Each structure stands twice: as structure tokens, then as C-alpha cells.
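K.L.:
For reference, this is final-v1.txt, and it has compact mmCIF, C-alpha atoms.
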```txt
# COMPACT_ATOMS: atom_id res chain seq x y z
CA MET Y 1 0.00 0.00 0.00
CA THR Y 2 1.44 3.35 -1.07
CA ILE Y 3 0.05 6.58 0.37
CA ALA Y 4 0.75 9.94 -1.25
CA LYS Y 5 -0.02 13.48 -0.15
CA VAL Y 6 -1.70 15.84 -2.61
CA PHE Y 7 -1.56 19.63 -2.46
CA ILE Y 8 -3.94 21.60 -4.68
CA ALA Y 9 -3.27 25.15 -5.86
CA ASP Y 10 -6.19 27.38 -6.80
CA SER Y 11 -4.61 28.00 -10.19
CA LYS Y 12 -1.49 27.36 -12.22
CA ALA Y 13 -0.26 30.82 -11.24
CA THR Y 14 -0.46 30.02 -7.51
CA LEU Y 15 1.16 26.59 -7.80
CA PRO Y 16 4.86 27.58 -7.54
CA PRO Y 17 4.87 28.62 -3.84
CA ILE Y 18 3.23 25.30 -2.89
CA LEU Y 19 5.84 23.40 -4.88
CA HIS Y 20 8.57 25.51 -3.28
CA ASP Y 21 7.26 24.59 0.18
CA GLN Y 22 7.75 20.90 -0.60
CA LEU Y 23 11.29 21.54 -1.81
CA ILE Y 24 12.04 23.60 1.29
CA SER Y 25 10.79 20.74 3.48
CA CYS Y 26 13.25 18.41 1.72
CA VAL Y 27 16.08 20.87 2.31
CA LYS Y 28 15.19 21.23 6.01
CA ARG Y 29 15.09 17.47 6.47
CA CYS Y 30 18.48 17.11 4.80
CA GLN Y 31 20.00 19.85 6.96
CA ALA Y 32 18.72 18.11 10.10
CA GLU Y 33 20.56 14.90 9.24
CA GLU Y 34 23.82 14.62 11.13
CA GLY Y 35 26.88 14.67 8.94
CA GLN Y 36 24.95 15.53 5.78
CA ASP Y 37 27.10 17.84 3.63
CA LYS Y 38 25.24 17.48 0.34
CA PHE Y 39 21.70 18.16 -0.85
CA LEU Y 40 21.12 15.77 -3.73
CA ILE Y 41 18.35 16.70 -6.15
CA ALA Y 42 17.20 15.63 -9.61
CA LEU Y 43 14.95 17.75 -11.81
CA SER Y 44 12.74 16.97 -14.79
CA GLY Y 45 12.20 19.25 -17.73
CA GLY Y 46 8.92 19.98 -19.49
CA SER Y 47 6.77 22.53 -17.68
CA LEU Y 48 8.47 21.94 -14.31
CA PRO Y 49 11.38 24.42 -14.60
CA ALA Y 50 8.95 27.31 -15.11
CA PHE Y 51 7.54 26.60 -11.63
CA LEU Y 52 11.04 26.88 -10.17
CA GLY Y 53 11.95 30.37 -11.34
CA ALA Y 54 14.91 31.78 -9.43
CA ASP Y 55 13.14 34.93 -8.19
CA GLY Y 56 10.19 33.04 -6.76
CA LEU Y 57 12.30 30.27 -5.30
CA ILE Y 58 14.64 32.69 -3.54
CA SER Y 59 11.62 34.59 -2.20
CA SER Y 60 10.06 31.38 -0.88
CA PHE Y 61 13.24 30.43 0.97
CA MET Y 62 13.46 33.93 2.47
CA THR Y 63 9.82 33.79 3.59
CA SER Y 64 10.36 30.40 5.20
CA GLY Y 65 13.44 31.56 7.09
CA VAL Y 66 15.40 28.58 5.75
CA ASP Y 67 18.92 29.09 4.41
CA PRO Y 68 19.04 26.98 1.22
CA GLU Y 69 22.82 26.56 1.56
CA TRP Y 70 23.17 26.55 -2.22
CA GLU Y 71 26.84 25.58 -1.95
CA LYS Y 72 25.74 22.11 -0.81
CA TRP Y 73 23.38 21.43 -3.72
CA TYR Y 74 24.21 18.78 -6.32
CA VAL Y 75 21.80 19.02 -9.24
CA PHE Y 76 21.18 16.14 -11.65
CA LEU Y 77 18.70 15.68 -14.49
CA ALA Y 78 15.86 13.22 -13.97
CA ASP Y 79 15.89 12.78 -17.74
CA GLU Y 80 17.38 14.48 -20.74
CA ARG Y 81 17.00 14.55 -24.49
CA CYS Y 82 20.18 13.65 -26.35
CA VAL Y 83 20.68 17.09 -27.83
CA ASP Y 84 23.24 19.80 -27.32
CA ASN Y 85 22.92 21.49 -23.90
CA SER Y 86 22.11 24.77 -25.65
CA HIS Y 87 19.39 23.21 -27.86
CA LYS Y 88 15.80 24.38 -27.38
CA ASP Y 89 14.75 20.82 -26.52
CA SER Y 90 17.35 20.45 -23.78
CA ASN Y 91 15.96 20.03 -20.26
CA TYR Y 92 19.23 21.38 -18.93
CA ARG Y 93 18.81 24.57 -20.95
CA SER Y 94 15.28 25.04 -19.60
CA ILE Y 95 16.38 24.46 -16.01
CA ARG Y 96 19.33 26.80 -16.48
CA GLU Y 97 17.15 29.55 -17.95
CA HIS Y 98 14.49 29.38 -15.24
CA MET Y 99 16.12 28.20 -12.03
CA LEU Y 100 19.89 27.90 -12.26
CA THR Y 101 20.56 31.53 -13.06
CA ASP Y 102 23.37 33.65 -11.64
CA GLN Y 103 21.04 34.50 -8.75
CA ILE Y 104 21.38 30.98 -7.36
CA PRO Y 105 25.07 30.37 -6.55
CA ILE Y 106 25.28 26.61 -6.90
CA PRO Y 107 28.87 25.79 -7.97
CA SER Y 108 28.93 24.86 -11.65
CA SER Y 109 30.93 21.74 -10.77
CA GLN Y 110 27.87 20.53 -8.82
CA ILE Y 111 25.44 20.84 -11.74
CA PHE Y 112 25.36 17.84 -14.03
CA PRO Y 113 24.16 18.17 -17.64
CA ILE Y 114 24.87 15.37 -20.06
CA ASP Y 115 28.28 15.42 -21.72
CA ASP Y 116 27.10 16.80 -25.04
CA SER Y 117 30.57 16.38 -26.54
CA MET Y 118 29.64 12.69 -26.82
CA LEU Y 119 26.76 13.43 -29.20
CA GLY Y 120 27.46 12.05 -32.63
CA ASN Y 121 30.49 10.15 -31.33
CA ALA Y 122 28.84 7.74 -28.91
CA SER Y 123 25.65 5.71 -28.67
CA THR Y 124 22.73 6.73 -26.49
CA GLU Y 125 23.60 3.78 -24.26
CA GLU Y 126 27.15 5.07 -23.84
CA ILE Y 127 25.85 8.55 -22.97
CA ALA Y 128 23.53 7.01 -20.35
CA LYS Y 129 26.36 4.94 -18.89
CA ALA Y 130 28.62 7.99 -18.66
CA TYR Y 131 25.87 9.90 -16.85
CA GLU Y 132 25.28 6.96 -14.52
CA ASN Y 133 28.98 6.93 -13.65
CA ARG Y 134 28.88 10.64 -12.79
CA LEU Y 135 25.80 10.07 -10.64
CA MET Y 136 27.41 7.17 -8.79
CA ASN Y 137 30.57 9.20 -8.18
CA VAL Y 138 28.47 11.63 -6.15
CA LEU Y 139 25.70 9.44 -4.71
CA GLY Y 140 27.57 6.18 -4.35
CA ASP Y 141 26.18 2.76 -5.16
CA SER Y 142 22.93 3.43 -3.27
CA GLY Y 143 21.82 6.20 -5.60
CA VAL Y 144 19.66 7.88 -2.95
CA PHE Y 145 18.48 11.41 -3.75
CA ASP Y 146 17.14 13.76 -1.09
CA CYS Y 147 14.54 15.01 -3.56
CA ILE Y 148 13.44 14.26 -7.11
CA LEU Y 149 11.07 16.73 -8.75
CA CYS Y 150 9.10 15.23 -11.63
CA GLY Y 151 6.44 16.27 -14.06
CA PHE Y 152 3.91 13.89 -15.58
CA GLY Y 153 2.37 13.92 -19.01
CA PRO Y 154 -1.24 13.53 -20.17
CA ASP Y 155 -0.18 10.02 -21.27
CA GLY Y 156 0.96 9.21 -17.71
CA HIS Y 157 4.70 9.19 -18.43
CA THR Y 158 7.24 10.62 -16.02
CA CYS Y 159 10.92 11.32 -16.63
CA SER Y 160 11.36 9.45 -19.94
CA LEU Y 161 9.50 6.38 -18.69
CA PHE Y 162 6.59 5.85 -21.05
CA PRO Y 163 3.53 3.56 -20.84
CA GLY Y 164 4.21 0.06 -22.10
CA HIS Y 165 7.93 0.62 -22.62
CA PRO Y 166 10.44 -2.09 -21.62
CA LEU Y 167 12.29 0.43 -19.42
CA LEU Y 168 9.44 0.13 -16.91
CA GLU Y 169 10.89 -3.28 -16.06
CA GLU Y 170 14.48 -2.07 -15.57
CA THR Y 171 15.77 -3.15 -12.14
CA LYS Y 172 19.56 -2.80 -12.30
CA ARG Y 173 20.52 0.41 -14.07
CA MET Y 174 20.27 3.80 -12.35
CA VAL Y 175 20.34 5.65 -15.68
CA ALA Y 176 19.05 4.03 -18.84
CA SER Y 177 18.93 4.99 -22.50
CA ILE Y 178 15.87 5.17 -24.71
CA GLU Y 179 16.05 5.42 -28.49
CA ASP Y 180 12.35 5.11 -29.34
CA SER Y 181 10.64 7.74 -27.22
CA PRO Y 182 7.05 8.24 -28.40
CA LYS Y 183 7.65 11.96 -27.89
CA PRO Y 184 10.36 13.64 -29.96
CA PRO Y 185 13.27 13.71 -29.81
CA PRO Y 186 13.43 9.90 -29.67
CA GLU Y 187 16.88 9.53 -28.11
CA ARG Y 188 17.05 10.24 -24.38
CA ILE Y 189 18.47 9.15 -21.06
CA THR Y 190 16.40 8.75 -17.90
CA LEU Y 191 16.55 7.82 -14.26
CA THR Y 192 14.95 4.44 -13.64
CA PHE Y 193 12.48 3.19 -11.04
CA PRO Y 194 15.20 1.81 -8.74
CA VAL Y 195 16.45 5.40 -8.31
CA LEU Y 196 12.98 6.96 -8.09
CA ASN Y 197 11.85 4.43 -5.51
CA ALA Y 198 15.01 4.83 -3.41
CA ALA Y 199 14.63 8.62 -3.12
CA LYS Y 200 13.83 10.15 0.24
CA SER Y 201 11.15 12.25 -1.44
CA VAL Y 202 9.61 12.35 -4.91
CA VAL Y 203 7.44 15.34 -5.75
CA PHE Y 204 5.23 15.28 -8.83
CA CYS Y 205 3.96 18.53 -10.26
CA GLY Y 206 1.36 19.16 -12.94
CA ALA Y 207 -1.28 21.64 -14.03
CA GLY Y 208 -4.17 21.74 -16.44
CA SER Y 209 -7.29 19.73 -17.18
CA SER Y 210 -5.38 17.31 -19.43
CA LYS Y 211 -3.83 15.83 -16.26
CA ALA Y 212 -7.16 15.08 -14.56
CA PRO Y 213 -7.73 11.65 -16.21
CA ILE Y 214 -4.26 10.57 -15.08
CA LEU Y 215 -4.93 11.62 -11.49
CA GLU Y 216 -8.30 9.84 -11.55
CA ALA Y 217 -6.54 6.65 -12.63
CA VAL Y 218 -3.52 6.70 -10.30
CA PHE Y 219 -5.31 7.83 -7.11
CA SER Y 220 -7.46 5.10 -5.61
CA LYS Y 221 -9.18 6.65 -2.59
CA THR Y 222 -8.62 8.54 0.62
CA PRO Y 223 -7.33 6.09 3.24
CA GLU Y 224 -9.71 5.92 6.20
CA GLU Y 225 -6.93 5.53 8.74
CA VAL Y 226 -5.30 8.88 7.87
CA ASP Y 227 -6.69 12.17 9.15
CA SER Y 228 -7.33 14.14 6.00
CA ALA Y 229 -8.38 17.18 8.02
CA GLN Y 230 -4.75 17.94 8.84
CA ASN Y 231 -3.32 20.89 6.97
CA ASN Y 232 -0.74 18.64 5.44
CA GLY Y 233 -2.17 17.80 2.06
CA ILE Y 234 -4.85 15.33 1.08
CA PRO Y 235 -3.77 11.71 1.64
CA VAL Y 236 -4.58 9.29 -1.16
CA LEU Y 237 -3.93 5.63 -1.76
CA MET Y 238 -2.15 4.94 -5.01
CA THR Y 239 -3.88 2.53 -7.38
CA GLU Y 240 -2.26 -0.91 -7.56
CA PRO Y 241 -1.28 -2.14 -9.99
CA ALA Y 242 -0.43 1.30 -11.29
CA PRO Y 243 -2.04 2.08 -14.65
CA TYR Y 244 0.65 4.59 -15.68
CA PRO Y 245 4.38 5.05 -15.07
CA CYS Y 246 3.86 8.12 -12.89
CA GLY Y 247 1.78 5.97 -10.55
CA MET Y 248 4.49 3.33 -10.19
CA VAL Y 249 6.79 5.36 -7.92
CA LYS Y 250 6.95 4.12 -4.33
CA SER Y 251 9.51 6.41 -2.69
CA ASN Y 252 9.79 7.00 1.06
CA GLU Y 253 7.75 10.21 0.73
CA LEU Y 254 5.47 10.73 -2.23
CA VAL Y 255 3.93 14.15 -2.89
CA TRP Y 256 1.80 15.52 -5.72
CA VAL Y 257 1.34 19.26 -6.31
CA VAL Y 258 -1.37 20.07 -8.84
CA ASP Y 259 -3.71 22.91 -9.68
CA LYS Y 260 -7.49 23.00 -9.46
CA ASP Y 261 -7.94 22.32 -13.18
CA ALA Y 262 -5.97 19.08 -12.83
CA SER Y 263 -7.82 17.98 -9.70
CA ASP Y 264 -11.41 18.86 -10.67
CA GLY Y 265 -13.57 15.76 -10.81
CA VAL Y 266 -10.92 13.43 -9.38
CA SER Y 267 -12.94 11.21 -7.07
CA ALA Y 268 -10.21 10.45 -4.51
CA LEU Y 269 -9.54 14.15 -4.04
CA SER Y 270 -13.24 14.91 -3.66
CA GLN Y 271 -13.38 12.31 -0.88
CA GLY Y 272 -10.41 13.89 0.81
CA THR Y 273 -11.95 17.36 0.91
CA ASN Y 274 -15.38 16.33 2.16
```
Rewrite the structure of this file - the entire thing - as C-alpha cells.

P.N.:
Amino acid sequence: MTIAKVFIADSKATLPPILHDQLISCVKRCQAEEGQDKFLIALSGGSLPAFLGADGLISSFMTSGVDPEWEKWYVFLADERCVDNSHKDSNYRSIREHMLTDQIPIPSSQIFPIDDSMLGNASTEEIAKAYENRLMNVLGDSGVFDCILCGFGPDGHTCSLFPGHPLLEETKRMVASIEDSPKPPPERITLTFPVLNAAKSVVFCGAGSSKAPILEAVFSKTPEEVDSAQNNGIPVLMTEPAPYPCGMVKSNELVWVVDKDASDGVSALSQGTN
């Protein structure tokens, strides 16, 4: 049984501060751990980076009174298209433009794009393996992130893990290659479920009515044994077996941040707000 917490913003415009609060909670938990000198985070692309704009994120940390300690952050990509890091389709470029600006002083040596010098000279599998090696050099063999921030598509995919794809069955690799993505560009690398499930916290984020059918499918009901009146999100049981990749994650802490358009009509969320 997997229980997630769901936070609902009134609109897409008011979603970022709620997402920031979840990230800040992850940072606080990491800082409270004795001997912890790194904050390990992975970020998806898509619409997610726009919710993590530097100005708003800095403001949220200031409001919370939490020092982000940017110098301790190690930032990886949850997935990436095999394109140049300056290409318009690059997740790294999007994250750099929105979040990782000069306002956020994370050392460049602690930000990990793909090695785009390998493009055209190496296979997608070799690019994935190289990225996995870089990840393991920082995280060790356990591959445990403090926080992974993911989007999810109207087809239920997350990272570059798509419905019905063989990568859903991957159990050994931390980073895998995909050469037949149903969304262009076809060649990508992605974190796998062993890494997602090992994370201390995975936070999904999505907005818009196109996400509502996915939420209806992956959320089963409000668990009776959890007090949903607490101001700590709406608890939901995840549907098992999961009908979509985004519903297959079973991390230590599982959080969904969505807007009202995405949550309207979702039966489990209606139960939780009654």
C-alpha cells in the first residue's frame, strides 16, 4: 500500500509557492541529518522548470526563514533529451534559464548536464552509462536522492519512462537509455524506477485539465486511517497495480502538487476534501 499526499493550488499561477514549500521541506530534512554535507536533487524538464523560477524560489526560501545553503546542492537531471545542452529541446537549458541563473550560486561543478561532446560520437547507451557513472561518483552505489522533482504527461509518463515501454521493467541500471521515445526527440536518457523508488522524497507537479484523467486513474481513494483534516495535504492511496508510469513510484515520501484544473472531478480528491 502506497500513500501519497496531494496539495492543490487554486490556479497554475499560484502553484509555484506550494511546490517551493515541498522543496524547502526536503532541504530542512536534509540539513537536520547529522553529517549531511550534500543536498542531492534531480529535476525533470517539461513545464516543471517554469515553476522553479529563481526569483520566486529565492523569495520562498526567504519567507520560510530557511537558508538553502546553495553551496551544498548537487543538481542532476531526472531525464534528458540527447541534444546539445544549448538546444531548445534540452531540459538542462530550460532548467538553467528558469532556475539555475546567476542569482542561485550553486557551484557549476555541482550541476550535471549530459556530456554533449559525446553526441554524434557515442551511442545513447554510452551517454547514459557515462551519466550513470557521474551520478554514482556523487551518490555512491545506493543512488539515494534527497529530492526528485518530476512532471507527468497527459499520457501518464514521467521522466522518460513511457507507458508500455520495456524500461518500466528495468531493475539494475540507475540511468538508462531510450532510443524510441514516443515523444520527440526519440533519443534520451532517464533515471529508472530503482532510483525513483530509493529517493527520500519524490514530488510530482502538474497543471491543467489534461492531467485530470491521469490523477483519476492513479489515485485510488482517501485512506480511512489517515486524518485528511490535517493541513498537510490530502492523503490518497495509489492505485495498484499502477495504470501509468507516474503511478508506479513508491519512494519513502510521495507528494503531488497540482492545480485546481488538474484535480477537478478526481474522485479520490473529492473524498479527501469532504

K.L.:
As an exercise, work out the distance from CA of Ser90 in chain Y to CA of Ile8 in chain Y in Å and give it to one decimal place.

P.N.:
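So the two atoms, CA of Ser90 in chain Y and CA of Ile8 in chain Y, lie 28.6 Å apart.
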
K.L.:
In terms of the shortest atom-to-atom distance over all atoms listed in the file, which of Y:Ser108, Y:Ser44, Y:Asn133, Y:Ser60 is closest to Gly153 in chain Y?

P.N.:
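Residue with the minimum atom-to-atom distance to Gly153 in chain Y: Y:Ser44.
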
K.L.:
Please indicate the distance in Å from CA of Cys26 in chain Y to CA of Pro163 in chain Y, rounded to one decimal place.

P.N.:
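So the two atoms, CA of Cys26 in chain Y and CA of Pro163 in chain Y, lie 28.7 Å apart.
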
K.L.:
In the coordinates of the file, take the point (10.7, 32.1, -6.7) and a cut-off of 12 Å; then, counting all atoms listed in the file, name each qualifying protein, DNA or RNA residue as an MDAnalysis selection string.

P.N.:
chainID Y and resid 13:21 23:24 49:63 98:101 103:104

K.L.:
Measuring between all atoms listed in the file, which one of Y:Gly46, Y:Gly143, Y:Gly164, Y:Gly233 shows the shortest distance to Ala199 in chain Y?

P.N.:
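Using all atoms listed in the file, Ala199 in chain Y sits closest to Y:Gly143.
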